file start07.cif (mmCIF, C-alpha atoms)
data_protein
loop_
_atom_site.label_atom_id
_atom_site.label_comp_id
_atom_site.auth_asym_id
_atom_site.auth_seq_id
_atom_site.Cartn_x
_atom_site.Cartn_y
_atom_site.Cartn_z
CA MET A 1 -12.79 175.33 -37.60
CA ASN A 2 -13.00 177.16 -40.95
CA PRO A 3 -15.13 175.08 -43.39
CA GLY A 4 -12.90 176.23 -46.24
CA SER A 5 -9.87 174.77 -44.49
CA THR A 6 -11.68 171.46 -44.11
CA VAL A 7 -12.48 171.37 -47.82
CA ASP A 8 -8.91 172.32 -48.72
CA GLY A 9 -7.55 169.67 -46.35
CA VAL A 10 -9.61 166.93 -48.01
CA LEU A 11 -8.55 168.17 -51.45
CA VAL A 12 -4.88 168.07 -50.56
CA GLN A 13 -5.05 164.70 -48.78
CA TRP A 14 -6.91 162.86 -51.53
CA GLY A 15 -5.64 164.97 -54.42
CA GLU A 16 -2.07 164.06 -53.61
CA ARG A 17 -3.01 160.38 -53.71
CA LEU A 18 -4.46 160.89 -57.18
CA PHE A 19 -1.92 163.17 -58.79
CA TYR A 20 1.25 162.89 -56.69
CA PRO A 21 1.49 159.32 -55.34
CA GLY A 22 4.27 158.82 -52.84
CA ASN A 23 4.23 162.45 -51.70
CA ARG A 24 3.69 163.40 -48.09
CA ARG A 25 -0.01 163.23 -47.19
CA VAL A 26 -1.24 165.94 -44.87
CA ARG A 27 -4.02 165.68 -42.32
CA VAL A 28 -7.55 166.74 -43.24
CA ALA A 29 -7.59 169.34 -40.41
CA PRO A 30 -4.34 171.36 -40.76
CA GLN A 31 -2.79 173.46 -38.05
CA PRO A 32 -3.55 177.21 -38.41
CA ARG A 33 0.03 178.05 -39.28
CA LEU A 34 -0.27 175.78 -42.35
CA ASP A 35 -3.42 177.50 -43.60
CA THR A 36 -1.71 179.62 -46.26
CA LEU A 37 0.33 176.70 -47.52
CA MET A 38 -2.80 174.53 -47.53
CA ARG A 39 -4.65 177.05 -49.68
CA ARG A 40 -1.82 177.08 -52.21
CA GLN A 41 -1.69 173.30 -52.33
CA ALA A 42 -5.47 173.08 -52.67
CA ALA A 43 -5.37 175.59 -55.53
CA VAL A 44 -2.90 173.33 -57.37
CA ILE A 45 -5.17 170.33 -56.82
CA ARG A 46 -8.20 172.28 -58.07
CA ARG A 47 -6.27 173.18 -61.21
CA ARG A 48 -5.33 169.55 -61.81
CA ILE A 49 -8.91 168.43 -61.23
CA ALA A 50 -10.31 171.04 -63.62
CA SER A 51 -7.72 170.10 -66.22
CA THR A 52 -8.61 166.42 -65.93
CA VAL A 53 -12.40 166.42 -65.57
CA THR A 54 -13.46 169.72 -67.22
CA ARG A 55 -11.06 170.54 -70.04
CA ARG A 56 -9.94 166.94 -70.58
CA ALA A 57 -6.51 168.38 -71.38
CA PRO A 58 -4.35 166.45 -73.87
CA GLN A 59 -2.07 164.00 -72.12
CA VAL A 60 1.63 163.92 -72.90
CA MET A 61 3.38 160.65 -73.59
CA VAL A 62 6.96 159.90 -72.60
CA LYS A 63 8.03 156.30 -73.04
CA VAL A 64 11.23 154.30 -73.23
CA THR A 65 11.09 152.49 -76.56
CA GLY A 66 14.29 150.52 -76.15
CA GLY A 67 18.01 150.95 -75.81
CA GLY A 68 21.14 150.10 -77.73
CA ARG A 69 23.32 147.28 -76.44
CA GLY A 70 26.44 148.39 -78.23
CA MET A 71 27.40 150.95 -80.85
CA GLY A 72 26.03 148.88 -83.70
CA ALA A 73 22.50 149.09 -82.31
CA ILE A 74 22.88 152.75 -81.32
CA ALA A 75 24.08 153.78 -84.80
CA ALA A 76 21.23 151.82 -86.37
CA HIS A 77 18.75 153.75 -84.21
CA PHE A 78 20.36 157.04 -85.26
CA ARG A 79 19.80 156.04 -88.90
CA TYR A 80 16.21 155.00 -88.16
CA ILE A 81 15.06 158.18 -86.37
CA SER A 82 16.82 160.49 -88.86
CA LYS A 83 15.76 158.50 -91.94
CA ALA A 84 19.42 157.87 -92.73
CA GLY A 85 20.30 161.53 -92.27
CA ARG A 86 17.48 162.98 -94.36
CA LEU A 87 15.83 164.49 -91.27
CA ALA A 88 17.61 167.12 -89.17
CA PHE A 89 18.98 165.87 -85.85
CA GLU A 90 20.04 167.95 -82.86
CA ASP A 91 22.59 167.00 -80.20
CA ASP A 92 23.05 168.02 -76.56
CA ARG A 93 25.11 171.07 -77.60
CA GLY A 94 22.20 172.40 -79.66
CA VAL A 95 23.99 171.69 -82.95
CA VAL A 96 21.55 170.80 -85.75
CA GLN A 97 22.89 168.68 -88.62
CA GLU A 98 21.76 166.56 -91.55
CA GLY A 99 23.34 163.99 -93.82
CA ARG A 100 25.01 160.59 -93.63
CA GLU A 101 28.47 161.97 -92.94
CA ALA A 102 27.28 164.04 -89.98
CA LEU A 103 25.44 160.98 -88.68
CA HIS A 104 28.64 158.91 -88.96
CA ASP A 105 30.60 161.58 -87.06
CA LEU A 106 27.95 161.62 -84.31
CA ALA A 107 28.23 157.87 -83.84
CA LYS A 108 32.03 158.17 -83.64
CA GLN A 109 31.74 160.86 -80.93
CA TRP A 110 29.44 158.61 -78.89
CA ARG A 111 31.73 155.60 -79.29
CA LEU A 112 34.82 157.41 -78.03
CA GLY A 113 33.36 160.09 -75.74
CA GLY A 114 33.66 158.73 -72.21
CA SER A 115 33.94 154.98 -71.68
CA LEU A 116 34.49 153.17 -74.96
CA ILE A 117 31.28 151.66 -76.37
CA GLY A 118 32.00 148.46 -78.25
CA GLU A 119 30.13 147.28 -81.30
CA THR A 120 28.11 145.03 -78.99
CA SER A 121 27.62 145.19 -75.23
CA HIS A 122 26.00 143.11 -72.49
CA ARG A 123 24.26 146.20 -71.12
CA ARG A 124 22.31 149.15 -72.49
CA GLU A 125 24.64 151.89 -73.59
CA ALA A 126 21.79 154.19 -74.65
CA PHE A 127 18.12 154.70 -73.83
CA ASN A 128 15.68 155.54 -76.60
CA LEU A 129 12.77 157.79 -75.61
CA MET A 130 9.76 159.08 -77.47
CA LEU A 131 7.99 162.28 -76.39
CA SER A 132 4.63 162.68 -78.03
CA MET A 133 1.47 164.78 -78.14
CA PRO A 134 -1.89 164.16 -79.82
CA ARG A 135 -2.74 165.12 -83.38
CA GLY A 136 -3.13 168.85 -83.94
CA THR A 137 -0.44 169.98 -81.49
CA ASP A 138 2.08 172.42 -82.95
CA ALA A 139 5.10 170.32 -83.92
CA GLN A 140 7.66 173.06 -83.28
CA ALA A 141 6.26 173.54 -79.77
CA VAL A 142 6.68 169.80 -79.16
CA LEU A 143 10.30 170.04 -80.34
CA GLN A 144 11.03 173.07 -78.14
CA ALA A 145 9.44 171.39 -75.11
CA ALA A 146 11.49 168.25 -75.78
CA ARG A 147 14.62 170.39 -76.05
CA GLU A 148 13.92 172.01 -72.67
CA PHE A 149 13.00 168.62 -71.17
CA ALA A 150 16.34 167.15 -72.22
CA ARG A 151 18.31 170.06 -70.78
CA ILE A 152 16.61 169.51 -67.41
CA GLU A 153 16.29 165.73 -67.13
CA LEU A 154 19.30 164.59 -69.19
CA LYS A 155 21.79 167.18 -68.06
CA ASP A 156 25.37 165.89 -68.27
CA HIS A 157 24.37 163.18 -70.78
CA ARG A 158 25.00 163.09 -74.47
CA TYR A 159 21.76 162.93 -76.41
CA VAL A 160 20.39 163.39 -79.90
CA MET A 161 16.82 164.18 -80.91
CA VAL A 162 14.79 164.17 -84.11
CA LEU A 163 11.32 165.62 -84.69
CA HIS A 164 8.81 163.48 -86.58
CA ASP A 165 5.94 165.66 -87.80
CA HIS A 166 5.06 163.66 -90.92
CA GLN A 167 2.82 161.24 -89.00
CA HIS A 168 -0.54 161.71 -87.30
CA ASN A 169 0.81 162.90 -83.93
CA PRO A 170 3.94 165.06 -83.63
CA HIS A 171 6.64 163.37 -81.58
CA VAL A 172 10.34 163.58 -80.84
CA HIS A 173 12.66 160.59 -80.81
CA LEU A 174 15.40 161.17 -78.25
CA SER A 175 18.36 158.86 -77.70
CA ALA A 176 20.45 159.44 -74.56
CA ARG A 177 23.84 157.91 -73.78
CA ALA A 178 23.41 155.81 -70.64
CA GLU A 179 26.67 156.96 -69.07
CA SER A 180 26.88 160.64 -68.16
CA MET A 181 30.01 162.72 -68.58
CA SER A 182 30.66 162.27 -64.86
CA GLY A 183 30.34 158.49 -65.05
CA GLN A 184 26.80 158.15 -63.63
CA ARG A 185 24.44 155.82 -65.48
CA LEU A 186 20.78 156.30 -66.33
CA ASN A 187 18.47 153.77 -64.71
CA PRO A 188 14.92 155.03 -65.32
CA ARG A 189 12.17 153.55 -63.15
CA LYS A 190 8.42 154.05 -63.12
CA ALA A 191 8.68 157.12 -60.85
CA ASP A 192 11.31 158.63 -63.18
CA LEU A 193 9.02 158.19 -66.19
CA GLN A 194 6.19 159.97 -64.38
CA ARG A 195 8.54 162.82 -63.41
CA TRP A 196 9.66 163.02 -67.05
CA ARG A 197 6.03 163.26 -68.14
CA GLU A 198 5.39 166.03 -65.61
CA THR A 199 8.46 167.96 -66.83
CA PHE A 200 7.47 167.61 -70.49
CA ALA A 201 3.90 168.75 -69.76
CA GLU A 202 5.19 171.71 -67.75
CA ARG A 203 7.45 172.79 -70.61
CA LEU A 204 4.54 172.57 -73.06
CA ARG A 205 2.29 174.66 -70.81
CA GLY A 206 5.06 177.24 -70.65
CA LEU A 207 4.77 177.48 -74.44
CA GLY A 208 1.02 177.99 -74.29
CA ILE A 209 0.08 174.37 -75.09
CA ASP A 210 -2.59 172.81 -72.89
CA ALA A 211 -1.00 169.59 -71.65
CA GLU A 212 -1.20 167.31 -68.63
CA ALA A 213 0.66 164.29 -67.31
CA THR A 214 -2.06 162.60 -65.28
CA ARG A 215 -1.54 158.87 -64.87
CA GLN A 216 -4.06 156.38 -66.25
CA ALA A 217 -5.34 155.37 -62.80
CA PRO A 218 -6.75 158.82 -61.83
CA ARG A 219 -8.28 159.06 -65.30
CA LEU A 220 -9.84 155.61 -64.73
CA GLN A 221 -8.47 154.40 -68.04
CA SER A 222 -7.64 150.78 -68.80
CA ARG A 223 -6.11 151.00 -72.26
CA ARG A 224 -2.87 149.10 -72.80
CA PRO A 225 -0.90 151.13 -75.37
CA GLU A 226 0.45 149.30 -78.39
CA GLN A 227 4.20 148.85 -78.32
CA LEU A 228 6.38 150.48 -80.98
CA TRP A 229 7.46 147.11 -82.37
CA GLN A 230 3.81 146.10 -82.68
CA ILE A 231 3.01 149.29 -84.60
CA GLU A 232 5.90 148.71 -86.98
CA ALA A 233 5.04 145.02 -87.39
CA ARG A 234 1.43 145.93 -88.18
CA LYS A 235 2.55 148.40 -90.86
CA GLN A 236 4.68 145.69 -92.46
CA GLY A 237 2.01 143.02 -92.17
CA ARG A 238 4.14 140.89 -89.82
CA LEU A 239 2.01 141.18 -86.66
CA LYS A 240 0.65 137.78 -85.65
CA GLY A 241 -2.58 137.99 -83.69
CA GLU A 242 -4.08 141.01 -82.01
CA PRO A 243 -2.35 142.43 -78.91
CA VAL A 244 -4.24 142.73 -75.62
CA THR A 245 -5.65 146.25 -75.55
CA GLN A 246 -7.07 146.40 -72.01
CA LYS A 247 -5.29 146.13 -68.68
CA SER A 248 -6.44 143.70 -66.01
CA GLY A 249 -5.28 141.97 -62.84
CA ASP A 250 -5.32 142.60 -59.11
CA ALA A 251 -2.91 145.56 -59.17
CA PHE A 252 -4.98 147.21 -61.88
CA MET A 253 -8.20 146.76 -59.91
CA ARG A 254 -6.63 148.09 -56.69
CA SER A 255 -5.29 151.21 -58.37
CA ARG A 256 -8.59 152.03 -60.10
CA ASN A 257 -10.69 151.31 -57.02
CA GLY A 258 -8.36 153.52 -55.02
CA ALA A 259 -8.80 156.29 -57.58
CA VAL A 260 -12.61 155.99 -57.45
CA GLN A 261 -12.40 156.19 -53.67
CA ALA A 262 -10.25 159.35 -53.84
CA TRP A 263 -12.59 160.97 -56.37
CA ALA A 264 -15.53 160.17 -54.06
CA HIS A 265 -13.93 161.92 -51.07
CA ILE A 266 -13.07 164.94 -53.21
CA ALA A 267 -16.58 165.14 -54.70
CA VAL A 268 -18.20 165.05 -51.25
CA ALA A 269 -15.83 167.76 -49.93
CA LEU A 270 -16.46 170.03 -52.89
CA SER A 271 -20.22 169.52 -52.57
CA ALA A 272 -19.95 170.66 -48.95
CA SER A 273 -18.13 173.86 -49.92
CA ASP A 274 -19.89 177.21 -49.71
CA GLN A 275 -18.37 178.15 -53.07
CA VAL A 276 -20.59 177.66 -56.14
CA GLU A 277 -17.54 176.86 -58.29
CA ASP A 278 -16.63 173.99 -55.97
CA ASN A 279 -20.19 172.62 -56.10
CA GLN A 280 -20.10 172.71 -59.90
CA LEU A 281 -16.73 170.98 -59.94
CA ALA A 282 -18.14 168.22 -57.73
CA GLN A 283 -20.89 167.60 -60.29
CA ARG A 284 -18.33 167.38 -63.09
CA ILE A 285 -16.31 164.87 -61.07
CA ARG A 286 -19.36 162.64 -60.68
CA ARG A 287 -20.04 162.72 -64.42
CA PHE A 288 -16.36 162.13 -65.16
CA VAL A 289 -16.17 159.05 -62.93
CA LEU A 290 -19.43 157.52 -64.13
CA ASP A 291 -18.49 158.10 -67.79
CA ALA A 292 -14.95 156.74 -67.42
CA THR A 293 -13.84 153.58 -69.22
CA TYR A 294 -13.25 151.72 -65.98
CA SER A 295 -16.67 152.63 -64.57
CA ARG A 296 -18.44 151.48 -67.72
CA GLN A 297 -16.48 148.23 -67.94
CA HIS A 298 -16.87 147.30 -64.27
CA VAL A 299 -20.33 148.79 -63.74
CA LEU A 300 -19.20 151.02 -60.91
CA GLN A 301 -22.44 153.01 -60.89
CA ARG A 302 -22.06 154.11 -57.25
CA ASP A 303 -23.31 157.20 -55.51
CA LEU A 304 -20.39 159.61 -55.20
CA GLY A 305 -22.07 161.44 -52.34
CA GLU A 306 -24.76 164.04 -52.90
CA ALA A 307 -23.64 166.31 -50.08
CA ARG A 308 -25.70 169.44 -49.51
CA PRO A 309 -23.57 172.04 -47.69
CA ARG A 310 -26.55 174.13 -46.56
CA ASP A 311 -28.24 171.39 -44.57
CA ARG A 312 -25.27 169.49 -43.19
CA SER A 313 -23.08 170.30 -40.28
CA GLU A 314 -19.33 170.01 -40.49
CA GLY A 315 -19.42 166.71 -38.62
CA ASP A 316 -22.07 165.37 -41.00
CA ARG A 317 -19.90 166.25 -43.99
CA LEU A 318 -16.88 164.48 -42.56
CA ARG A 319 -19.01 161.42 -41.74
CA ALA A 320 -20.32 161.50 -45.32
CA VAL A 321 -16.75 161.14 -46.56
CA GLU A 322 -16.27 158.10 -44.33
CA ARG A 323 -19.54 156.53 -45.51
CA THR A 324 -18.58 157.03 -49.15
CA GLU A 325 -15.47 154.86 -48.93
CA PRO A 326 -17.04 151.41 -48.44
CA GLU A 327 -19.83 152.27 -50.88
CA ILE A 328 -17.29 152.92 -53.62
CA THR A 329 -15.03 149.94 -52.95
CA ARG A 330 -17.49 147.10 -52.54
#
call {"tool": "encode", "arguments": {"input": "start07.cif", "output": "structure tokens"}}
result
Amino acid sequence: MNPGSTVDGVLVQWGERLFYPGNRRVRVAPQPRLDTLMRRQAAVIRRRIASTVTRRAPQVMVKVTGGGRGMGAIAAHFRYISKAGRLAFEDDRGVVQEGREALHDLAKQWRLGGSLIGETSHRREAFNLMLSMPRGTDAQAVLQAAREFARIELKDHRYVMVLHDHQHNPHVHLSARAESMSGQRLNPRKADLQRWRETFAERLRGLGIDAEATRQAPRLQSRRPEQLWQIEARKQGRLKGEPVTQKSGDAFMRSRNGAVQAWAHIAVALSASDQVEDNQLAQRIRRFVLDATYSRQHVLQRDLGEARPRDRSEGDRLRAVERTEPEITR
């Protein structure tokens, strides 16, 4: 068996668990006819690993901040994101407008275009999204990436977007009509949000902006982001008490322990590679895991496997992967 194929197999198996949960998981030892495909998949995993543990690439944020239950709430959100028409807003046709009158016309189009949206409704008639990047990112690139994101993910839906570049981090507020022009309704779930993040990050990379959409679990982060209403309440001095800033619970522990386990298998495999670059990447993974927020908080100072490819047989390396698992999880 080719040692490189074994390394690639481990990378794909455990890398998919980290970066693409729910995807098909392949066997560690692939069939020869899958060798070319395996190399391509392993190359993608190596890129994601390097982006996460070496470059620490900026992470995109795509979140649902709410949704209008009726035209009254939707129109109010239009006024909020456009600062009552003072900021330019762009619709799904690519038309850019400003002003109160144009904002009023937009609300009228939404009310009457498709199923009638009443002033109030028992269900969400629109979903409000925010697409954001850290401070220092080019605001126009964020807007262009959001524009391309909307054309892909919100095709056949009416939407309006506004760029906010007057705050610390450039972000785009995007409101999408829940009902599409063909009558289908948006119903975003957790998997949809992750796909949206991946699409937004891909669009940014296409514009030359280093961006990733790695979930918190693979990054071993435990921060609970502050909600938009909490941010606004804090600005206005209305926030009572301090929100919980760290995640906890059984599901949280399982996901982070699973991520540590996956990183351990990957580190051992890369250490066993005959490629110097892989050995160096394994060392960076170890430092990344031990320096991570979760590791510091839960004192997970475990050996991630100091495999030495020159003095271990293939069987020894595979057994090292198996021995790493209980060491990491206990």
call {"tool": "residues_around", "arguments": {"input": "start07.cif", "residues": "segment 214-223 of chain A", "least_positions_apart": "2", "cutoff": "9 Å", "atoms": "all atoms listed in the file", "output": "JSON, numbers by chain"}}
result
{"A": [18, 19, 48, 52, 53, 59, 60, 194, 197, 198, 212, 225, 245, 246, 247, 248, 252, 255, 256, 257, 258, 259, 260, 262, 263, 288, 289, 292, 293, 294, 295]}
call {"tool": "resolve_selection", "arguments": {"input": "start07.cif", "expression": "the PyMOL selection byres ((chain A and resi 58) around 12)", "output": "MDAnalysis selection string"}}
result
chainID A and resid 51:57 59:61 132:137 169 201 204:205 209:214 219
call {"tool": "atom_distance", "arguments": {"input": "start07.cif", "atom1": "atom CA of Leu116 of chain A", "atom2": "atom CA of Ala146 of chain A"}}
result
27.5 Å
call {"tool": "closest_residue", "arguments": {"input": "start07.cif", "among": "A:Leu281, A:Val7, A:Leu87, A:Leu290", "to": "Ile49 of chain A", "atoms": "all atoms listed in the file"}}
result
A:Leu281
call {"tool": "resolve_selection", "arguments": {"input": "start07.cif", "expression": "the PyMOL selection byres ((chain A and resi 175) around 10)", "output": "list in words"}}
result
Val64, Thr65, Gly66, Gly67, Gly68, Ile74, His77, Phe78, Ile81, Asp91, Ala126, Phe127, Asn128, Leu129, Met130, Arg158, Tyr159, Val160, Met161, Val162, Val172, His173, Leu174, Ala176, Arg177 and Ala178 of chain A
call {"tool": "closest_residue", "arguments": {"input": "start07.cif", "among": "A:Ala251, A:Val276, A:Ile285, A:Val62", "to": "Arg195 of chain A", "atoms": "all atoms listed in the file"}}
result
A:Val62
call {"tool": "residues_around", "arguments": {"input": "start07.cif", "residues": "Arg79 of chain A", "least_positions_apart": "4", "cutoff": "12 Å", "atoms": "all atoms listed in the file", "output": "list in words"}}
result
Gly72, Ala73, Ile74, Ala75, Lys83, Ala84, Gly85, Arg86, Leu87, Ala88, Phe89, Glu98, Gly99, Arg100, Glu101, Ala102, Leu103, His104, Leu106, Ala107, Val160, Met161, Val162, His173 and Ser175 of chain A
call {"tool": "atom_distance", "arguments": {"input": "start07.cif", "atom1": "atom CA of Arg203 of chain A", "atom2": "atom CA of Gln140 of chain A"}}
result
12.7 Å
call {"tool": "closest_residue", "arguments": {"input": "start07.cif", "among": "A:Arg147, A:Gly15, A:Lys108, A:Pro188", "to": "Val95 of chain A", "atoms": "all atoms listed in the file"}}
result
A:Arg147
call {"tool": "residues_around", "arguments": {"input": "start07.cif", "residues": "His166 of chain A", "least_positions_apart": "4", "cutoff": "10 Å", "atoms": "all atoms listed in the file", "output": "number ranges by chain"}}
result
A: 139, 170-171
